[in-house]
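Undergrad: Dumping the structure here so I can ask a few things about it.
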Amino acid sequence: MQLDMHYYGTYVMARAAGLNRKTSEIIATASQFVDDNAEKESVNFRDGGEMNAEATAHHTLQIKNLDREDQRQIWVPFHFLPGNEGESFTEKLICQKNSLIARDMVRFNLSHLRESYALPLIGITAHVYADTFSHYGFSGISSRKNKIINDSFKFEEIDPDMEGYIRKKEALFKENYPNENIMVNIKSWFAEKMSGALGHAAAVTFPDRPFLQWSFKYEWAKQRCPLRDNPKVYLDACEKLHDMFRKVAEKQDLVEENSFKNFNSIRDIVSNVLRTQADQEGRIKAWKDVVLKGDIIGTGAEKIPPYKKNDWPNQRDNLKREKDSSVTTFLNIYQFYQAAAIHRVNVDRKSTRLNSRHSPLSRMPSSA
């Protein structure tokens, strides 16, 4: 998923679930920040304290994406939560919609609602949970199971101009993505050919476009995969997020109760937004417009606050001039790092418990 869902759609679902504007903004910001938080440099204070950065993303073309440890620490727990289905390690690492691990993750993270880092943790949870609906069928490691036959993509019920647009995006992405000739010599594990092997790189941004109905054929499969109906799957994701945020509203004094809308009463509105065939900016506009119209949030028309990409990184950078490490405690960036660390450790622990023989996160196959 992209900014239109991870921030704007998440904000709307939180508001419609009854959470107040400030709470919804923090949750939605944390959700999108998972994709933007590639910083690993810690902040050291003159009093001897240190704030450890907890990276949750790498930019798509970074060579660090090929690092087995970084895939385990970043791509797997934050973007491609293992579904823990199948027999082999590779199969267990493949992300599945609303998996048992995903539901356990939600329950665990909701148990931390009284902690200072609760809202960033809920935002991280929203990101990871939502991604299980868009990233299913792919894993967060370099695996042959992720590879797709290049000319096998088919689209249903798509505007010809939009198909032309996304085809151009596909060509540009593949032009810049590491190709079959890239070899990394740091470790023998890196010698595997990388093109299309990490996450949904072979499917470019198709899983992240809410309006797309599409299919393809994996290189390893004998048959074409079933139609991936993104509008239907994304609608299910929105309903699950709404339900999760409703649980937050029931347990926390963070509500604006009059804003609550039962999801069934807004289902058609949400579905229409998701089916908007547009680029990212157009899809964001669709969320903004429906909120301004006043039908999707109980309190009526309002504006969605824009995503402020640099606010939390600026908080971190400003700390470099501070002497006293205690100033970090109430900052969003510090609480986000706390939440990211707790989430990462918990996902690893849950994976170990749910798979009694092996943990998908504690051991990575040398050649998936």
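Every chain in the structure tokens has a letter given in the order shown (A, B, ...), and although residue numbers restart at 1 in each chain, ligands are simply numbered from 1 in the order shown.
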Would you mind listing what lies within 9 Å of A:Gln338 as a list in words, with only C-alpha atoms counted and same-chain residues fewer than 2 positions away left out?
TA: Glu54, Tyr117, Pro120, Leu121, Ile333, Tyr334, Gln335, Phe336, Ala340, Ala341, Ile342 and His343 of chain A
Undergrad: Write out as JSON lines a residue-level contact list of stretch 79-105 of chain A versus stretch 219-233 of chain A with cut-off 12 Å: for each qualifying residue the closest pair of atoms and the distance in Å to one decimal, counting only C-alpha atoms, rows sorted by chain and residue number upward.
TA:
```
{"residue": "A:Gln96", "atom": "CA", "partner": "A:Val233", "partner_atom": "CA", "distance": 11.9}
{"residue": "A:Lys97", "atom": "CA", "partner": "A:Val233", "partner_atom": "CA", "distance": 8.8}
{"residue": "A:Asn98", "atom": "CA", "partner": "A:Val233", "partner_atom": "CA", "distance": 10.6}
```
Undergrad: Nearest to A:Pro306 among A:Ile284, A:Ile94, A:Ala38, A:Val347, with distances taken over only C-alpha atoms: which residue is it?
TA: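 Residue with the minimum atom-to-atom distance to A:Pro306: A:Ile284.
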Undergrad: Let me make sure I understand: among A:Tyr234, A:Phe245, A:Tyr307, A:Trp214, which one has the smallest atom-to-atom distance to A:Leu274 if we use only C-alpha atoms?
TA: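 For A:Leu274, the nearest of the candidates is A:Tyr234.
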Undergrad: May I ask which of the residues A:Asn44, A:Asn109, A:Thr125, A:Ser116 is the closest one to A:Ala28, counting only C-alpha atoms?
TA: A:Thr125
Undergrad: Which residues, written as a list in words, have at least one atom at most 9 Å from A:Gly140, with only C-alpha atoms counted and residues fewer than 6 positions away on the same chain left out?
TA: Gln71, Arg72, Ile74, Trp75, Val76, Pro77, His79, Phe80, Leu81, Pro82, Leu93, Ile94, Cys95, Leu198, Gly199 and His200 of chain A
Undergrad: Filtering to all heavy atoms, could you give me those residues as a compact mmCIF listing (two decimals), in the first residue's frame?
TA:
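New file out-v7.txt:
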```txt
# COMPACT_ATOMS: atom_id res chain seq x y z
N GLN A 71 16.69 -7.86 5.68
CA GLN A 71 15.40 -8.41 5.26
C GLN A 71 14.66 -8.99 6.47
O GLN A 71 13.45 -8.81 6.62
CB GLN A 71 15.62 -9.49 4.19
CG GLN A 71 16.07 -8.91 2.86
CD GLN A 71 16.33 -9.97 1.81
OE1 GLN A 71 16.11 -11.15 2.03
NE2 GLN A 71 16.82 -9.54 0.65
N ARG A 72 15.39 -9.66 7.35
CA ARG A 72 14.78 -10.26 8.53
C ARG A 72 14.29 -9.20 9.50
O ARG A 72 13.24 -9.35 10.13
CB ARG A 72 15.78 -11.18 9.24
CG ARG A 72 15.17 -11.97 10.40
CD ARG A 72 16.19 -12.91 11.00
NE ARG A 72 17.13 -12.21 11.85
CZ ARG A 72 16.91 -11.94 13.14
NH1 ARG A 72 15.78 -12.30 13.70
NH2 ARG A 72 17.82 -11.31 13.86
N ILE A 74 13.63 -5.86 8.81
CA ILE A 74 12.81 -4.77 8.27
C ILE A 74 11.70 -5.28 7.36
O ILE A 74 10.51 -5.08 7.64
CB ILE A 74 13.70 -3.75 7.53
CG1 ILE A 74 14.58 -3.01 8.55
CG2 ILE A 74 12.85 -2.76 6.74
CD1 ILE A 74 15.58 -2.05 7.94
N TRP A 75 12.04 -5.94 6.27
CA TRP A 75 11.03 -6.32 5.30
C TRP A 75 10.04 -7.33 5.87
O TRP A 75 8.83 -7.24 5.64
CB TRP A 75 11.68 -6.89 4.04
CG TRP A 75 12.31 -5.84 3.19
CD1 TRP A 75 13.64 -5.56 3.09
CD2 TRP A 75 11.65 -4.87 2.37
NE1 TRP A 75 13.84 -4.49 2.23
CE2 TRP A 75 12.64 -4.07 1.78
CE3 TRP A 75 10.30 -4.63 2.06
CZ2 TRP A 75 12.33 -3.03 0.91
CZ3 TRP A 75 10.00 -3.60 1.18
CH2 TRP A 75 11.01 -2.82 0.62
N VAL A 76 10.54 -8.31 6.61
CA VAL A 76 9.66 -9.37 7.10
C VAL A 76 8.70 -8.88 8.18
O VAL A 76 7.49 -9.04 8.05
CB VAL A 76 10.49 -10.58 7.58
CG1 VAL A 76 9.60 -11.61 8.26
CG2 VAL A 76 11.21 -11.22 6.40
N PRO A 77 9.16 -8.26 9.29
CA PRO A 77 8.21 -7.89 10.35
C PRO A 77 7.35 -6.68 10.05
O PRO A 77 6.26 -6.54 10.60
CB PRO A 77 9.12 -7.62 11.56
CG PRO A 77 10.42 -7.23 10.97
CD PRO A 77 10.56 -8.02 9.70
N HIS A 79 6.63 -5.31 6.68
CA HIS A 79 6.00 -5.17 5.37
C HIS A 79 5.45 -6.47 4.78
O HIS A 79 4.53 -6.44 3.97
CB HIS A 79 6.99 -4.55 4.38
CG HIS A 79 7.59 -3.26 4.86
ND1 HIS A 79 6.94 -2.06 4.74
CD2 HIS A 79 8.76 -2.99 5.50
CE1 HIS A 79 7.69 -1.09 5.27
NE2 HIS A 79 8.80 -1.63 5.74
N PHE A 80 6.04 -7.59 5.16
CA PHE A 80 5.60 -8.88 4.63
C PHE A 80 5.50 -9.88 5.79
O PHE A 80 6.27 -10.84 5.87
CB PHE A 80 6.58 -9.40 3.57
CG PHE A 80 6.64 -8.56 2.32
CD1 PHE A 80 7.47 -7.47 2.24
CD2 PHE A 80 5.84 -8.87 1.23
CE1 PHE A 80 7.52 -6.69 1.09
CE2 PHE A 80 5.88 -8.09 0.08
CZ PHE A 80 6.72 -7.00 0.01
N LEU A 81 4.54 -9.64 6.67
CA LEU A 81 4.38 -10.49 7.84
C LEU A 81 4.17 -11.94 7.40
O LEU A 81 3.29 -12.22 6.58
CB LEU A 81 3.18 -10.01 8.66
CG LEU A 81 3.06 -10.55 10.08
CD1 LEU A 81 4.16 -9.97 10.96
CD2 LEU A 81 1.69 -10.21 10.65
N PRO A 82 4.95 -12.88 7.91
CA PRO A 82 4.81 -14.28 7.48
C PRO A 82 3.42 -14.83 7.76
O PRO A 82 2.84 -14.58 8.81
CB PRO A 82 5.88 -15.01 8.32
CG PRO A 82 6.87 -13.95 8.67
CD PRO A 82 6.07 -12.70 8.85
N LEU A 93 7.20 -18.22 5.08
CA LEU A 93 7.53 -16.80 5.08
C LEU A 93 6.62 -15.97 4.18
O LEU A 93 6.60 -14.75 4.25
CB LEU A 93 8.98 -16.60 4.64
CG LEU A 93 10.04 -16.92 5.69
CD1 LEU A 93 11.42 -17.03 5.05
CD2 LEU A 93 10.06 -15.87 6.79
N ILE A 94 5.85 -16.61 3.33
CA ILE A 94 4.96 -15.89 2.41
C ILE A 94 3.83 -15.22 3.20
O ILE A 94 3.18 -15.84 4.04
CB ILE A 94 4.39 -16.84 1.34
CG1 ILE A 94 5.53 -17.34 0.44
CG2 ILE A 94 3.31 -16.14 0.51
CD1 ILE A 94 5.11 -18.42 -0.53
N CYS A 95 3.61 -13.96 2.92
CA CYS A 95 2.57 -13.18 3.59
C CYS A 95 1.18 -13.69 3.19
O CYS A 95 0.95 -14.04 2.03
CB CYS A 95 2.73 -11.71 3.20
SG CYS A 95 1.65 -10.56 4.06
N LEU A 198 12.79 -10.12 -4.39
CA LEU A 198 12.50 -9.54 -3.09
C LEU A 198 11.09 -8.96 -3.06
O LEU A 198 10.72 -8.13 -3.89
CB LEU A 198 13.51 -8.43 -2.75
CG LEU A 198 13.24 -7.65 -1.45
CD1 LEU A 198 13.27 -8.58 -0.24
CD2 LEU A 198 14.27 -6.54 -1.27
N GLY A 199 10.29 -9.40 -2.09
CA GLY A 199 8.95 -8.85 -1.92
C GLY A 199 8.13 -8.97 -3.20
O GLY A 199 8.17 -9.98 -3.89
N HIS A 200 7.38 -7.89 -3.52
CA HIS A 200 6.60 -7.93 -4.76
C HIS A 200 7.27 -7.10 -5.86
O HIS A 200 6.60 -6.51 -6.71
CB HIS A 200 5.16 -7.48 -4.52
CG HIS A 200 4.99 -6.07 -4.02
ND1 HIS A 200 5.25 -4.97 -4.80
CD2 HIS A 200 4.58 -5.59 -2.83
CE1 HIS A 200 4.98 -3.86 -4.12
NE2 HIS A 200 4.58 -4.21 -2.92
```
Undergrad: Quick one: everything within 10 Å of A:Gly300, counting only C-alpha atoms, minus sequence neighbours fewer than 4 positions away in the same chain. Send it as a ChimeraX atom specification.
TA: /A:258-259,291-296
Undergrad: Enumerate as a PyMOL selection string all residues of stretch 104-302 of chain A assigned to helix (DSSP H, G or I) by DSSP on the backbone, naming them with the chain letters and numbers the document uses.
TA: chain A and resi 104-110+118-134+144-146+150-152+160-176+188-191+201-203+206-208+230-251+257-259+263-274+280-293
Undergrad: Separation of atom CA of A:Met1 and atom CA of A:Ala249, in Å?
TA: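 Distance between the two atoms: 24.5 Å.
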Undergrad: A:Ser265, A:Thr276, A:Thr10, A:Asn37: which is nearest A:Ala57, counting only C-alpha atoms?
TA: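 Result for the nearest residue to A:Ala57: A:Asn37.
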